[in-house]
Every structure is written in structure tokens, then in C-alpha cells.
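J.: Next comes the structure file target-v8.pdb, holding PDB, C-alpha atoms.
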ATOM      1  CA  MET R   1    -193.844  34.466-216.154
ATOM      2  CA  ARG R   2    -196.256  36.492-214.084
ATOM      3  CA  THR R   3    -197.788  33.246-212.755
ATOM      4  CA  SER R   4    -194.387  31.924-211.575
ATOM      5  CA  ARG R   5    -193.581  35.184-209.809
ATOM      6  CA  ALA R   6    -196.956  35.235-208.118
ATOM      7  CA  HIS R   7    -196.491  31.628-206.912
ATOM      8  CA  THR R   8    -193.091  32.506-205.440
ATOM      9  CA  ALA R   9    -194.503  35.545-203.726
ATOM     10  CA  ARG R  10    -197.304  33.488-202.202
ATOM     11  CA  ARG R  11    -194.779  30.950-200.799
ATOM     12  CA  ARG R  12    -192.709  33.710-199.258
ATOM     13  CA  GLY R  13    -195.775  35.179-197.680
ATOM     14  CA  ARG R  14    -197.051  31.996-196.071
ATOM     15  CA  GLY R  15    -193.640  31.113-194.418
ATOM     16  CA  PHE R  16    -192.358  27.578-193.646
ATOM     17  CA  THR R  17    -194.438  24.463-193.724
ATOM     18  CA  LEU R  18    -194.794  22.138-190.727
ATOM     19  CA  VAL R  19    -192.469  19.591-192.317
ATOM     20  CA  GLU R  20    -189.808  22.204-192.860
ATOM     21  CA  LEU R  21    -190.057  23.317-189.235
ATOM     22  CA  LEU R  22    -189.784  19.717-188.017
ATOM     23  CA  VAL R  23    -186.736  19.128-190.178
ATOM     24  CA  ALA R  24    -185.129  22.325-188.898
ATOM     25  CA  LEU R  25    -185.840  21.354-185.282
ATOM     26  CA  LEU R  26    -184.388  17.886-185.872
ATOM     27  CA  VAL R  27    -181.199  19.330-187.323
ATOM     28  CA  MET R  28    -180.902  21.747-184.390
ATOM     29  CA  ALA R  29    -181.437  18.891-181.916
ATOM     30  CA  VAL R  30    -178.717  16.795-183.566
ATOM     31  CA  LEU R  31    -176.288  19.725-183.548
ATOM     32  CA  ALA R  32    -177.098  20.483-179.894
ATOM     33  CA  THR R  33    -176.528  16.817-178.963
ATOM     34  CA  LEU R  34    -173.180  16.745-180.740
ATOM     35  CA  ALA R  35    -172.146  19.993-179.092
ATOM     36  CA  TRP R  36    -173.144  18.695-175.648
ATOM     37  CA  GLN R  37    -171.257  15.437-176.158
ATOM     38  CA  GLY R  38    -168.180  17.369-177.175
ATOM     39  CA  MET R  39    -168.420  19.662-174.159
ATOM     40  CA  ASP R  40    -169.086  16.719-171.843
ATOM     41  CA  GLY R  41    -165.994  14.975-173.196
ATOM     42  CA  MET R  42    -163.894  18.085-172.608
ATOM     43  CA  LEU R  43    -165.189  18.365-169.037
ATOM     44  CA  ARG R  44    -164.451  14.704-168.381
ATOM     45  CA  VAL R  45    -160.897  15.089-169.669
ATOM     46  CA  ARG R  46    -160.435  18.187-167.519
ATOM     47  CA  ASP R  47    -161.807  16.481-164.403
ATOM     48  CA  GLY R  48    -159.701  13.381-165.077
ATOM     49  CA  SER R  49    -156.552  15.479-165.465
ATOM     50  CA  ALA R  50    -157.306  17.381-162.258
ATOM     51  CA  ALA R  51    -157.927  14.131-160.349
ATOM     52  CA  SER R  52    -154.719  12.593-161.714
ATOM     53  CA  LEU R  53    -152.733  15.681-160.728
ATOM     54  CA  ASP R  54    -154.255  15.618-157.243
ATOM     55  CA  ARG R  55    -153.343  11.922-156.795
ATOM     56  CA  THR R  56    -149.793  12.608-157.954
ATOM     57  CA  LEU R  57    -149.402  15.511-155.532
ATOM     58  CA  ARG R  58    -150.805  13.466-152.627
ATOM     59  CA  LEU R  59    -148.497  10.556-153.444
ATOM     60  CA  ASN R  60    -145.437  12.812-153.607
ATOM     61  CA  THR R  61    -146.385  14.411-150.284
ATOM     62  CA  ALA R  62    -146.828  10.967-148.708
ATOM     63  CA  LEU R  63    -143.429   9.787-149.970
ATOM     64  CA  VAL R  64    -141.749  12.906-148.592
ATOM     65  CA  GLN R  65    -143.329  12.250-145.180
ATOM     66  CA  TRP R  66    -142.360   8.562-145.403
ATOM     67  CA  GLU R  67    -138.752   9.545-146.093
ATOM     68  CA  GLN R  68    -138.686  12.048-143.229
ATOM     69  CA  ASP R  69    -140.052   9.465-140.789
ATOM     70  CA  LEU R  70    -137.477   6.842-141.716
ATOM     71  CA  GLN R  71    -134.566   9.250-141.670
ATOM     72  CA  ALA R  72    -135.591  10.366-138.167
ATOM     73  CA  VAL R  73    -135.820   6.799-136.754
ATOM     74  CA  VAL R  74    -134.045   6.485-133.429
ATOM     75  CA  ASP R  75    -133.334   3.315-131.437
ATOM     76  CA  VAL R  76    -133.744   4.108-127.745
ATOM     77  CA  GLY R  77    -133.523   0.477-126.670
ATOM     78  CA  ALA R  78    -136.819   0.512-124.761
ATOM     79  CA  VAL R  79    -138.967  -0.634-127.704
ATOM     80  CA  PRO R  80    -138.263  -1.933-131.222
ATOM     81  CA  PRO R  81    -137.458   1.040-133.473
ATOM     82  CA  LEU R  82    -139.154  -0.647-136.468
ATOM     83  CA  LEU R  83    -141.839  -3.325-136.454
ATOM     84  CA  PHE R  84    -143.667  -4.448-139.609
ATOM     85  CA  THR R  85    -146.633  -6.820-139.343
ATOM     86  CA  GLY R  86    -147.564  -6.940-143.016
ATOM     87  CA  GLN R  87    -150.424  -4.500-142.554
ATOM     88  CA  LYS R  88    -148.764  -1.939-140.317
ATOM     89  CA  LEU R  89    -145.320  -0.444-139.714
ATOM     90  CA  VAL R  90    -144.687   1.114-136.290
ATOM     91  CA  LEU R  91    -141.519   3.144-135.786
ATOM     92  CA  THR R  92    -139.934   5.442-133.208
ATOM     93  CA  ARG R  93    -138.612   8.790-134.433
ATOM     94  CA  ARG R  94    -137.072  11.931-132.995
ATOM     95  CA  SER R  95    -139.691  14.612-132.398
ATOM     96  CA  GLY R  96    -139.748  17.807-130.345
ATOM     97  CA  GLY R  97    -136.962  16.839-127.980
ATOM     98  CA  GLY R  98    -138.490  13.417-127.331
ATOM     99  CA  VAL R  99    -139.468  10.267-129.179
ATOM    100  CA  ALA R 100    -142.743   9.955-131.095
ATOM    101  CA  LEU R 101    -144.450   6.784-132.250
ATOM    102  CA  VAL R 102    -145.545   6.720-135.899
ATOM    103  CA  ALA R 103    -147.636   4.045-137.599
ATOM    104  CA  TRP R 104    -148.135   3.534-141.337
ATOM    105  CA  ALA R 105    -150.900   1.111-142.290
ATOM    106  CA  LEU R 106    -152.761  -0.180-145.347
ATOM    107  CA  ARG R 107    -156.448  -0.919-144.882
ATOM    108  CA  GLY R 108    -159.040  -1.313-147.611
ATOM    109  CA  GLY R 109    -156.859   0.293-150.277
ATOM    110  CA  ARG R 110    -156.102   3.313-148.096
ATOM    111  CA  TRP R 111    -152.524   4.029-147.033
ATOM    112  CA  SER R 112    -152.680   5.996-143.795
ATOM    113  CA  ARG R 113    -150.329   7.541-141.250
ATOM    114  CA  TRP R 114    -150.761   8.041-137.511
ATOM    115  CA  SER R 115    -148.451  10.002-135.229
ATOM    116  CA  GLY R 116    -148.484  10.231-131.459
ATOM    117  CA  PRO R 117    -147.171  13.004-129.176
ATOM    118  CA  PRO R 118    -143.497  13.222-128.191
ATOM    119  CA  LEU R 119    -142.650  10.967-125.241
ATOM    120  CA  SER R 120    -139.672  11.217-122.915
ATOM    121  CA  GLY R 121    -140.058   8.476-120.291
ATOM    122  CA  VAL R 122    -139.244   4.822-120.843
ATOM    123  CA  LEU R 123    -142.482   3.586-119.276
ATOM    124  CA  GLU R 124    -144.764   5.890-121.265
ATOM    125  CA  LEU R 125    -142.877   4.997-124.435
ATOM    126  CA  GLN R 126    -143.402   1.297-123.795
ATOM    127  CA  GLN R 127    -147.088   1.825-123.022
ATOM    128  CA  GLY R 128    -147.533   3.977-126.120
ATOM    129  CA  TRP R 129    -145.786   1.375-128.256
ATOM    130  CA  LEU R 130    -148.198  -1.304-127.023
ATOM    131  CA  ARG R 131    -151.185   0.934-127.819
ATOM    132  CA  ALA R 132    -149.801   1.595-131.304
ATOM    133  CA  GLN R 133    -149.924  -2.141-132.040
ATOM    134  CA  GLY R 134    -153.711  -2.111-131.584
ATOM    135  CA  LEU R 135    -154.573   0.921-133.690
ATOM    136  CA  LEU R 136    -157.730   0.353-135.738
ATOM    137  CA  GLY R 137    -157.419   3.313-138.104
ATOM    138  CA  ASN R 138    -160.209   5.470-136.672
ATOM    139  CA  GLU R 139    -158.280   7.050-133.811
ATOM    140  CA  PRO R 140    -157.481  10.799-133.704
ATOM    141  CA  GLY R 141    -154.278  11.536-135.572
ATOM    142  CA  HIS R 142    -154.939   9.161-138.466
ATOM    143  CA  VAL R 143    -154.602  10.684-141.937
ATOM    144  CA  THR R 144    -155.285   8.909-145.235
ATOM    145  CA  VAL R 145    -152.335   9.854-147.438
ATOM    146  CA  VAL R 146    -153.011   7.772-150.574
ATOM    147  CA  GLU R 147    -156.098   5.941-151.846
ATOM    148  CA  GLY R 148    -156.352   3.168-154.408
ATOM    149  CA  VAL R 149    -153.354   1.221-153.085
ATOM    150  CA  ASP R 150    -153.551  -2.453-154.071
ATOM    151  CA  GLY R 151    -150.733  -3.654-151.820
ATOM    152  CA  TRP R 152    -147.356  -2.928-150.289
ATOM    153  CA  LEU R 153    -144.174  -4.790-149.415
ATOM    154  CA  LEU R 154    -141.271  -3.762-147.222
ATOM    155  CA  TYR R 155    -137.689  -4.983-147.356
ATOM    156  CA  LYS R 156    -134.692  -4.143-145.179
ATOM    157  CA  TYR R 157    -130.993  -3.832-145.931
ATOM    158  CA  VAL R 158    -128.648  -5.107-143.210
ATOM    159  CA  GLY R 159    -124.936  -5.394-143.950
ATOM    160  CA  GLY R 160    -125.659  -4.853-147.634
ATOM    161  CA  ARG R 161    -128.079  -7.791-147.726
ATOM    162  CA  LYS R 162    -131.735  -7.407-148.734
ATOM    163  CA  ALA R 163    -134.317  -9.318-146.711
ATOM    164  CA  ASN R 164    -138.028  -9.295-146.042
ATOM    165  CA  MET R 165    -138.919  -6.756-143.351
ATOM    166  CA  GLN R 166    -140.685  -9.462-141.330
ATOM    167  CA  SER R 167    -137.704 -11.815-141.335
ATOM    168  CA  SER R 168    -135.582 -12.184-138.200
ATOM    169  CA  GLY R 169    -131.997 -13.179-137.534
ATOM    170  CA  ASP R 170    -130.092  -9.869-137.494
ATOM    171  CA  VAL R 171    -129.661  -9.787-133.717
ATOM    172  CA  VAL R 172    -127.782  -7.294-131.555
ATOM    173  CA  LEU R 173    -127.382  -7.123-127.766
ATOM    174  CA  SER R 174    -128.676  -4.071-125.897
ATOM    175  CA  ARG R 175    -129.929  -2.852-122.529
ATOM    176  CA  PRO R 176    -133.528  -1.619-122.693
ATOM    177  CA  GLY R 177    -134.398   1.696-121.121
ATOM    178  CA  ALA R 178    -132.375   4.764-120.200
ATOM    179  CA  PRO R 179    -129.008   4.197-118.476
ATOM    180  CA  PRO R 180    -129.165   4.685-114.683
ATOM    181  CA  ALA R 181    -127.305   7.444-112.899
ATOM    182  CA  ALA R 182    -123.793   6.709-111.629
ATOM    183  CA  PRO R 183    -123.979   5.032-108.164
ATOM    184  CA  ALA R 184    -122.380   6.591-105.082
ATOM    185  CA  SER R 185    -120.832   3.264-104.060
ATOM    186  CA  ALA R 186    -120.790  -0.342-105.117
ATOM    187  CA  ALA R 187    -123.037  -1.325-102.195
ATOM    188  CA  SER R 188    -125.768   1.118-103.190
ATOM    189  CA  ALA R 189    -125.453   0.572-106.949
ATOM    190  CA  PRO R 190    -128.801  -0.203-108.574
ATOM    191  CA  ALA R 191    -129.102  -3.319-110.639
ATOM    192  CA  GLN R 192    -128.279  -2.852-114.311
ATOM    193  CA  PRO R 193    -131.006  -3.742-116.851
ATOM    194  CA  ALA R 194    -130.519  -7.186-118.290
ATOM    195  CA  VAL R 195    -128.871  -7.458-121.684
ATOM    196  CA  VAL R 196    -131.409  -8.677-124.230
ATOM    197  CA  ALA R 197    -131.200  -9.776-127.837
ATOM    198  CA  ARG R 198    -132.935  -7.474-130.304
ATOM    199  CA  GLU R 199    -133.246  -7.058-134.046
ATOM    200  CA  ALA R 200    -130.553  -4.841-135.537
ATOM    201  CA  LEU R 201    -131.668  -1.555-137.045
ATOM    202  CA  PRO R 202    -131.354  -1.816-140.847
ATOM    203  CA  GLU R 203    -129.327   0.617-142.913
ATOM    204  CA  ALA R 204    -132.190   1.171-145.353
ATOM    205  CA  VAL R 205    -135.807   0.227-145.991
ATOM    206  CA  GLU R 206    -137.263  -0.510-149.430
ATOM    207  CA  LEU R 207    -140.929   0.313-150.041
ATOM    208  CA  GLN R 208    -142.856  -1.322-152.873
ATOM    209  CA  LEU R 209    -146.308   0.159-153.481
ATOM    210  CA  THR R 210    -148.798  -1.112-156.044
ATOM    211  CA  ILE R 211    -151.269   1.625-157.027
ATOM    212  CA  GLU R 212    -153.975   0.887-159.588
ATOM    213  CA  GLY R 213    -151.865  -1.918-161.023
ATOM    214  CA  ARG R 214    -148.672   0.151-161.289
ATOM    215  CA  ALA R 215    -145.613  -0.580-159.136
ATOM    216  CA  LEU R 216    -143.626   2.101-157.330
ATOM    217  CA  THR R 217    -140.354   1.386-155.508
ATOM    218  CA  ARG R 218    -138.525   3.663-153.105
ATOM    219  CA  VAL R 219    -135.417   2.882-151.017
ATOM    220  CA  ILE R 220    -134.828   5.116-148.001
ATOM    221  CA  GLY R 221    -131.632   5.115-145.994
ATOM    222  CA  LEU R 222    -132.111   5.474-142.234
ATOM    223  CA  GLY R 223    -130.454   8.353-140.411
ATOM    224  CA  PRO R 224    -127.803  10.382-142.253
ATOM    225  CA  ALA R 225    -127.497   7.753-145.014
ATOM    226  CA  GLY R 226    -130.156   9.589-147.021
ATOM    227  CA  SER R 227    -132.299   7.963-149.693
ATOM    228  CA  ARG R 228    -131.950   6.498-153.105
ATOM    229  CA  SER R 229    -134.477   5.449-155.774
TER     230      SER R 229
END
Is it possible to express this structure as C-alpha cells?
T.:
Amino acid sequence: MRTSRAHTARRRGRGFTLVELLVALLVMAVLATLAWQGMDGMLRVRDGSAASLDRTLRLNTALVQWEQDLQAVVDVGAVPPLLFTGQKLVLTRRSGGGVALVAWALRGGRWSRWSGPPLSGVLELQQGWLRAQGLLGNEPGHVTVVEGVDGWLLYKYVGGRKANMQSSGDVVLSRPGAPPAAPASAASAPAQPAVVAREALPEAVELQLTIEGRALTRVIGLGPAGSRS
């Protein structure tokens, strides 16, 4: 009995063996690894949720701006009020007492918007409209509104009929430019602008966006018609 107690006392006095320390360190390392993996997973979930929320907010903001642009479209007769090329949509909208040119484009998965200053003269509006056709996406005023866009399609509604935005055939007659002042007499009357055939302004535009494999559709009515989903 005394021998057993003495042996136990000697073990307590000499502490842990090297094997015991190694086993304890191994257990601590495994627990630390598991704890780190759990924390890393939580951080990844948090970052993923924050990124998803940010994308949703940016998309909603972009759709609000898209709706505002379309509902402010004005046809002044000098340039086409809406022109879609497949990659870019250029429109004319009311802005600050004049008419501003706005371009929406999709390049490399990035949906961007560009807006020019308000214009009041027919000539400067026509020149600005021509410049807007050649925008490359790196000019001042360009803002990337949504990233990760796989593609987009636009459709128009004319007379209740749905058609591709790039299709033609809905023609109206108009006089380009601002109307001239009333002449003092028939002899001094300036020549009236020629009547030309132009595409009719649609009642609504349907947007189809594909983002990360998911489709989103939005139909916006032009002018006071409002919008519908």
C-alpha cells in the first residue's frame, strides 16, 4: 500500500511525459482547426449575404432609374426618341428645362448608364445624338449600375402589339426640328421643314435581363402610362 502511494506521488511530481504533451498538443491543434473552419464558414456566409444584399440594392436602384428615364422620354422630332442597337439604347428625355440624351449599354457583363447635359437647340441635340451613338463606355458620365449581366432583350408595345425593339414598320409622319415663327407675309415665309417618316413612339418598353442565369422582366409604360411588372 505504501509502495503504491509512493509511486503515485512520484508520477505527480515528475509531471507529464513527452508523449502526453504531444497528444495534448495534437488535440488542441485539431480543436483549433475545427474552430477556425467554423469561424471561416460564418465569415463567408456573412460576406456572401452582404454581397447579395448589395447586388439587390444596386439592381433595384438601376431599375428605378431605368423607369424614370423611360417615363420622361420626349419626342422632339429632331432625333429618334428611342434607338436600340442590341448593345445600346439611346433615348431623349426631359431634363432641367431642356432635353438630355441618355444611353444604356451592356458591355462585358456590365450594364451601364450615361447621361449628357440638358440641350435646348435642335442643332446641338442632333450633334449630341450622333456623338451618343459612338460612346465607348469610358467617357465621363458613365456609371456601371449592375455587374454580372449575361444578356438583355428589349421589346416595344405599339397599338397593343409586342415586337422586337429593333424591328421597324410602325411609321408616323413628322416635321423634324422646332416649328418656325409665324411669318409676316406669304412672300417672306420661310420654307417649312420637310415631312419625314419616322418610327412611332411605343406605349411601353419591356426589359428582359439575365443575371447570373436568372431572368428578370420589367415592362415600363412611357409618359403618364406608368409601369407594370
J.: Need to verify the contact set: Gly97 in chain R, 10 Å, all atoms listed in the file, exclusion of same-chain residues closer than 3 positions in sequence. Can you return it as a PyMOL selection string?
T.: chain R and resi 94+100+118-120
J.: Apply the PyMOL selection byres ((chain R and resi 126-131) around 12) to the file shown and report the selected residues as a ChimeraX atom specification.
T.: /R:76-83,89-92,99-103,115-125,132-136,139,176-177
J.: Include C-alpha atoms and write out the residues we just selected as a PDB file, keeping the file's coordinate frame.
T.:
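Wrote it out as result25.pdb, contents follow:
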ATOM      1  CA  VAL R  76    -133.744   4.108-127.745  1.00  0.00           C
ATOM      2  CA  GLY R  77    -133.523   0.477-126.670  1.00  0.00           C
ATOM      3  CA  ALA R  78    -136.819   0.512-124.761  1.00  0.00           C
ATOM      4  CA  VAL R  79    -138.967  -0.634-127.704  1.00  0.00           C
ATOM      5  CA  PRO R  80    -138.263  -1.933-131.222  1.00  0.00           C
ATOM      6  CA  PRO R  81    -137.458   1.040-133.473  1.00  0.00           C
ATOM      7  CA  LEU R  82    -139.154  -0.647-136.468  1.00  0.00           C
ATOM      8  CA  LEU R  83    -141.839  -3.325-136.454  1.00  0.00           C
ATOM      9  CA  LEU R  89    -145.320  -0.444-139.714  1.00  0.00           C
ATOM     10  CA  VAL R  90    -144.687   1.114-136.290  1.00  0.00           C
ATOM     11  CA  LEU R  91    -141.519   3.144-135.786  1.00  0.00           C
ATOM     12  CA  THR R  92    -139.934   5.442-133.208  1.00  0.00           C
ATOM     13  CA  VAL R  99    -139.468  10.267-129.179  1.00  0.00           C
ATOM     14  CA  ALA R 100    -142.743   9.955-131.095  1.00  0.00           C
ATOM     15  CA  LEU R 101    -144.450   6.784-132.250  1.00  0.00           C
ATOM     16  CA  VAL R 102    -145.545   6.720-135.899  1.00  0.00           C
ATOM     17  CA  ALA R 103    -147.636   4.045-137.599  1.00  0.00           C
ATOM     18  CA  SER R 115    -148.451  10.002-135.229  1.00  0.00           C
ATOM     19  CA  GLY R 116    -148.484  10.231-131.459  1.00  0.00           C
ATOM     20  CA  PRO R 117    -147.171  13.004-129.176  1.00  0.00           C
ATOM     21  CA  PRO R 118    -143.497  13.222-128.191  1.00  0.00           C
ATOM     22  CA  LEU R 119    -142.650  10.967-125.241  1.00  0.00           C
ATOM     23  CA  SER R 120    -139.672  11.217-122.915  1.00  0.00           C
ATOM     24  CA  GLY R 121    -140.058   8.476-120.291  1.00  0.00           C
ATOM     25  CA  VAL R 122    -139.244   4.822-120.843  1.00  0.00           C
ATOM     26  CA  LEU R 123    -142.482   3.586-119.276  1.00  0.00           C
ATOM     27  CA  GLU R 124    -144.764   5.890-121.265  1.00  0.00           C
ATOM     28  CA  LEU R 125    -142.877   4.997-124.435  1.00  0.00           C
ATOM     29  CA  ALA R 132    -149.801   1.595-131.304  1.00  0.00           C
ATOM     30  CA  GLN R 133    -149.924  -2.141-132.040  1.00  0.00           C
ATOM     31  CA  GLY R 134    -153.711  -2.111-131.584  1.00  0.00           C
ATOM     32  CA  LEU R 135    -154.573   0.921-133.690  1.00  0.00           C
ATOM     33  CA  LEU R 136    -157.730   0.353-135.738  1.00  0.00           C
ATOM     34  CA  GLU R 139    -158.280   7.050-133.811  1.00  0.00           C
ATOM     35  CA  PRO R 176    -133.528  -1.619-122.693  1.00  0.00           C
ATOM     36  CA  GLY R 177    -134.398   1.696-121.121  1.00  0.00           C
TER      37      GLY R 177
END
J.: Output, as JSON, the centre and edge lengths in Å (one decimal) of the axis-aligned box that contains all listed atoms of range 104-109 of chain R with 3 Å of margin on each side.
T.:
{"center_x": -153.6, "center_y": 1.1, "center_z": -145.8, "size_x": 16.9, "size_y": 10.8, "size_z": 14.9}
J.: Figure out the distance between CA of Asp54 in chain R and CA of Phe84 in chain R, please, to one decimal in Å.
T.: 28.7 Å
J.: As a check of understanding, name the residues that the PyMOL selection byres ((chain R and resi 205-216) around 12) selects in the supplied structure, as a VMD selection string.
T.: chain R and resid 52 55 to 56 59 to 60 62 to 63 66 to 67 69 to 71 73 82 to 84 89 104 106 109 to 111 146 to 158 160 to 166 201 to 204 217 to 223 225 to 229
J.: Selected residues, C-alpha atoms, written as a compact mmCIF listing (two decimals), in the coordinates of the input, please.
T.:
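Below you can see result.txt, which holds the result:
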# COMPACT_ATOMS: atom_id res chain seq x y z
CA SER R 52 -154.72 12.59 -161.71
CA ARG R 55 -153.34 11.92 -156.79
CA THR R 56 -149.79 12.61 -157.95
CA LEU R 59 -148.50 10.56 -153.44
CA ASN R 60 -145.44 12.81 -153.61
CA ALA R 62 -146.83 10.97 -148.71
CA LEU R 63 -143.43 9.79 -149.97
CA TRP R 66 -142.36 8.56 -145.40
CA GLU R 67 -138.75 9.54 -146.09
CA ASP R 69 -140.05 9.46 -140.79
CA LEU R 70 -137.48 6.84 -141.72
CA GLN R 71 -134.57 9.25 -141.67
CA VAL R 73 -135.82 6.80 -136.75
CA LEU R 82 -139.15 -0.65 -136.47
CA LEU R 83 -141.84 -3.32 -136.45
CA PHE R 84 -143.67 -4.45 -139.61
CA LEU R 89 -145.32 -0.44 -139.71
CA TRP R 104 -148.14 3.53 -141.34
CA LEU R 106 -152.76 -0.18 -145.35
CA GLY R 109 -156.86 0.29 -150.28
CA ARG R 110 -156.10 3.31 -148.10
CA TRP R 111 -152.52 4.03 -147.03
CA VAL R 146 -153.01 7.77 -150.57
CA GLU R 147 -156.10 5.94 -151.85
CA GLY R 148 -156.35 3.17 -154.41
CA VAL R 149 -153.35 1.22 -153.08
CA ASP R 150 -153.55 -2.45 -154.07
CA GLY R 151 -150.73 -3.65 -151.82
CA TRP R 152 -147.36 -2.93 -150.29
CA LEU R 153 -144.17 -4.79 -149.42
CA LEU R 154 -141.27 -3.76 -147.22
CA TYR R 155 -137.69 -4.98 -147.36
CA LYS R 156 -134.69 -4.14 -145.18
CA TYR R 157 -130.99 -3.83 -145.93
CA VAL R 158 -128.65 -5.11 -143.21
CA GLY R 160 -125.66 -4.85 -147.63
CA ARG R 161 -128.08 -7.79 -147.73
CA LYS R 162 -131.74 -7.41 -148.73
CA ALA R 163 -134.32 -9.32 -146.71
CA ASN R 164 -138.03 -9.30 -146.04
CA MET R 165 -138.92 -6.76 -143.35
CA GLN R 166 -140.68 -9.46 -141.33
CA LEU R 201 -131.67 -1.56 -137.04
CA PRO R 202 -131.35 -1.82 -140.85
CA GLU R 203 -129.33 0.62 -142.91
CA ALA R 204 -132.19 1.17 -145.35
CA THR R 217 -140.35 1.39 -155.51
CA ARG R 218 -138.52 3.66 -153.10
CA VAL R 219 -135.42 2.88 -151.02
CA ILE R 220 -134.83 5.12 -148.00
CA GLY R 221 -131.63 5.12 -145.99
CA LEU R 222 -132.11 5.47 -142.23
CA GLY R 223 -130.45 8.35 -140.41
CA ALA R 225 -127.50 7.75 -145.01
CA GLY R 226 -130.16 9.59 -147.02
CA SER R 227 -132.30 7.96 -149.69
CA ARG R 228 -131.95 6.50 -153.10
CA SER R 229 -134.48 5.45 -155.77
J.: Could you check how far CA of Ala50 in chain R sits from CA of Gly108 in chain R, in Å to one decimal?
T.: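 Here the two named atoms are 23.8 Å from each other.
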J.: Give me, as number ranges by chain, all polymer residues having an atom no more than 12 Å from Asn138 in chain R, counting all atoms listed in the file and skipping those fewer than 5 positions away in the same chain.
T.: R: 105, 107, 112-114, 143-144
J.: Just give me the gap between CA of Gln37 in chain R and CA of Val19 in chain R in Å, one decimal is fine.
T.: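 Taking CA of Gln37 in chain R and CA of Val19 in chain R, their separation equals 27.0 Å.
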J.: Please determine, counting all atoms listed in the file, which residue among R:Leu25, R:Glu20, R:Gly137, R:Ser167 has the shortest atom-to-atom distance to Gln87 in chain R.
T.: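 Ranked by minimum distance to Gln87 in chain R, first place goes to R:Gly137.
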J.: Reconstruct range 122-128 of chain R at the level of all heavy atoms, and format the result as an mmCIF file, in the frame of the given file.
T.:
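Written out: part-v7.cif:
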data_model
loop_
_atom_site.group_PDB
_atom_site.id
_atom_site.type_symbol
_atom_site.label_atom_id
_atom_site.label_comp_id
_atom_site.auth_asym_id
_atom_site.auth_seq_id
_atom_site.Cartn_x
_atom_site.Cartn_y
_atom_site.Cartn_z
ATOM 1 N N VAL R 122 -139.310 6.189 -120.335
ATOM 2 C CA VAL R 122 -139.244 4.822 -120.843
ATOM 3 C C VAL R 122 -140.590 4.122 -120.692
ATOM 4 O O VAL R 122 -141.072 3.470 -121.623
ATOM 5 C CB VAL R 122 -138.148 4.032 -120.110
ATOM 6 C CG1 VAL R 122 -138.200 2.560 -120.502
ATOM 7 C CG2 VAL R 122 -136.782 4.613 -120.423
ATOM 8 N N LEU R 123 -141.221 4.269 -119.533
ATOM 9 C CA LEU R 123 -142.482 3.586 -119.276
ATOM 10 C C LEU R 123 -143.580 4.070 -120.217
ATOM 11 O O LEU R 123 -144.309 3.258 -120.800
ATOM 12 C CB LEU R 123 -142.906 3.789 -117.820
ATOM 13 C CG LEU R 123 -144.223 3.108 -117.411
ATOM 14 C CD1 LEU R 123 -144.134 1.600 -117.643
ATOM 15 C CD2 LEU R 123 -144.570 3.426 -115.964
ATOM 16 N N GLU R 124 -143.712 5.394 -120.384
ATOM 17 C CA GLU R 124 -144.764 5.890 -121.265
ATOM 18 C C GLU R 124 -144.481 5.531 -122.722
ATOM 19 O O GLU R 124 -145.410 5.327 -123.514
ATOM 20 C CB GLU R 124 -144.938 7.403 -121.116
ATOM 21 C CG GLU R 124 -143.707 8.236 -121.464
ATOM 22 C CD GLU R 124 -143.981 9.719 -121.322
ATOM 23 O OE1 GLU R 124 -145.143 10.085 -121.037
ATOM 24 O OE2 GLU R 124 -143.036 10.517 -121.490
ATOM 25 N N LEU R 125 -143.207 5.424 -123.083
ATOM 26 C CA LEU R 125 -142.877 4.997 -124.435
ATOM 27 C C LEU R 125 -143.274 3.542 -124.662
ATOM 28 O O LEU R 125 -143.838 3.188 -125.704
ATOM 29 C CB LEU R 125 -141.381 5.187 -124.687
ATOM 30 C CG LEU R 125 -140.866 4.801 -126.079
ATOM 31 C CD1 LEU R 125 -141.554 5.618 -127.154
ATOM 32 C CD2 LEU R 125 -139.355 4.975 -126.161
ATOM 33 N N GLN R 126 -143.021 2.702 -123.669
ATOM 34 C CA GLN R 126 -143.402 1.297 -123.795
ATOM 35 C C GLN R 126 -144.917 1.136 -123.839
ATOM 36 O O GLN R 126 -145.450 0.334 -124.618
ATOM 37 C CB GLN R 126 -142.809 0.496 -122.641
ATOM 38 C CG GLN R 126 -141.294 0.384 -122.698
ATOM 39 C CD GLN R 126 -140.709 -0.268 -121.464
ATOM 40 O OE1 GLN R 126 -141.320 -0.272 -120.388
ATOM 41 N NE2 GLN R 126 -139.496 -0.831 -121.591
ATOM 42 N N GLN R 127 -145.630 1.890 -123.004
ATOM 43 C CA GLN R 127 -147.088 1.825 -123.022
ATOM 44 C C GLN R 127 -147.650 2.338 -124.350
ATOM 45 O O GLN R 127 -148.596 1.768 -124.909
ATOM 46 C CB GLN R 127 -147.658 2.626 -121.855
ATOM 47 C CG GLN R 127 -147.349 2.010 -120.494
ATOM 48 C CD GLN R 127 -147.803 2.894 -119.343
ATOM 49 O OE1 GLN R 127 -148.049 4.094 -119.520
ATOM 50 N NE2 GLN R 127 -147.913 2.307 -118.157
ATOM 51 N N GLY R 128 -147.078 3.441 -124.842
ATOM 52 C CA GLY R 128 -147.533 3.977 -126.120
ATOM 53 C C GLY R 128 -147.259 3.026 -127.270
ATOM 54 O O GLY R 128 -148.059 2.902 -128.193
#
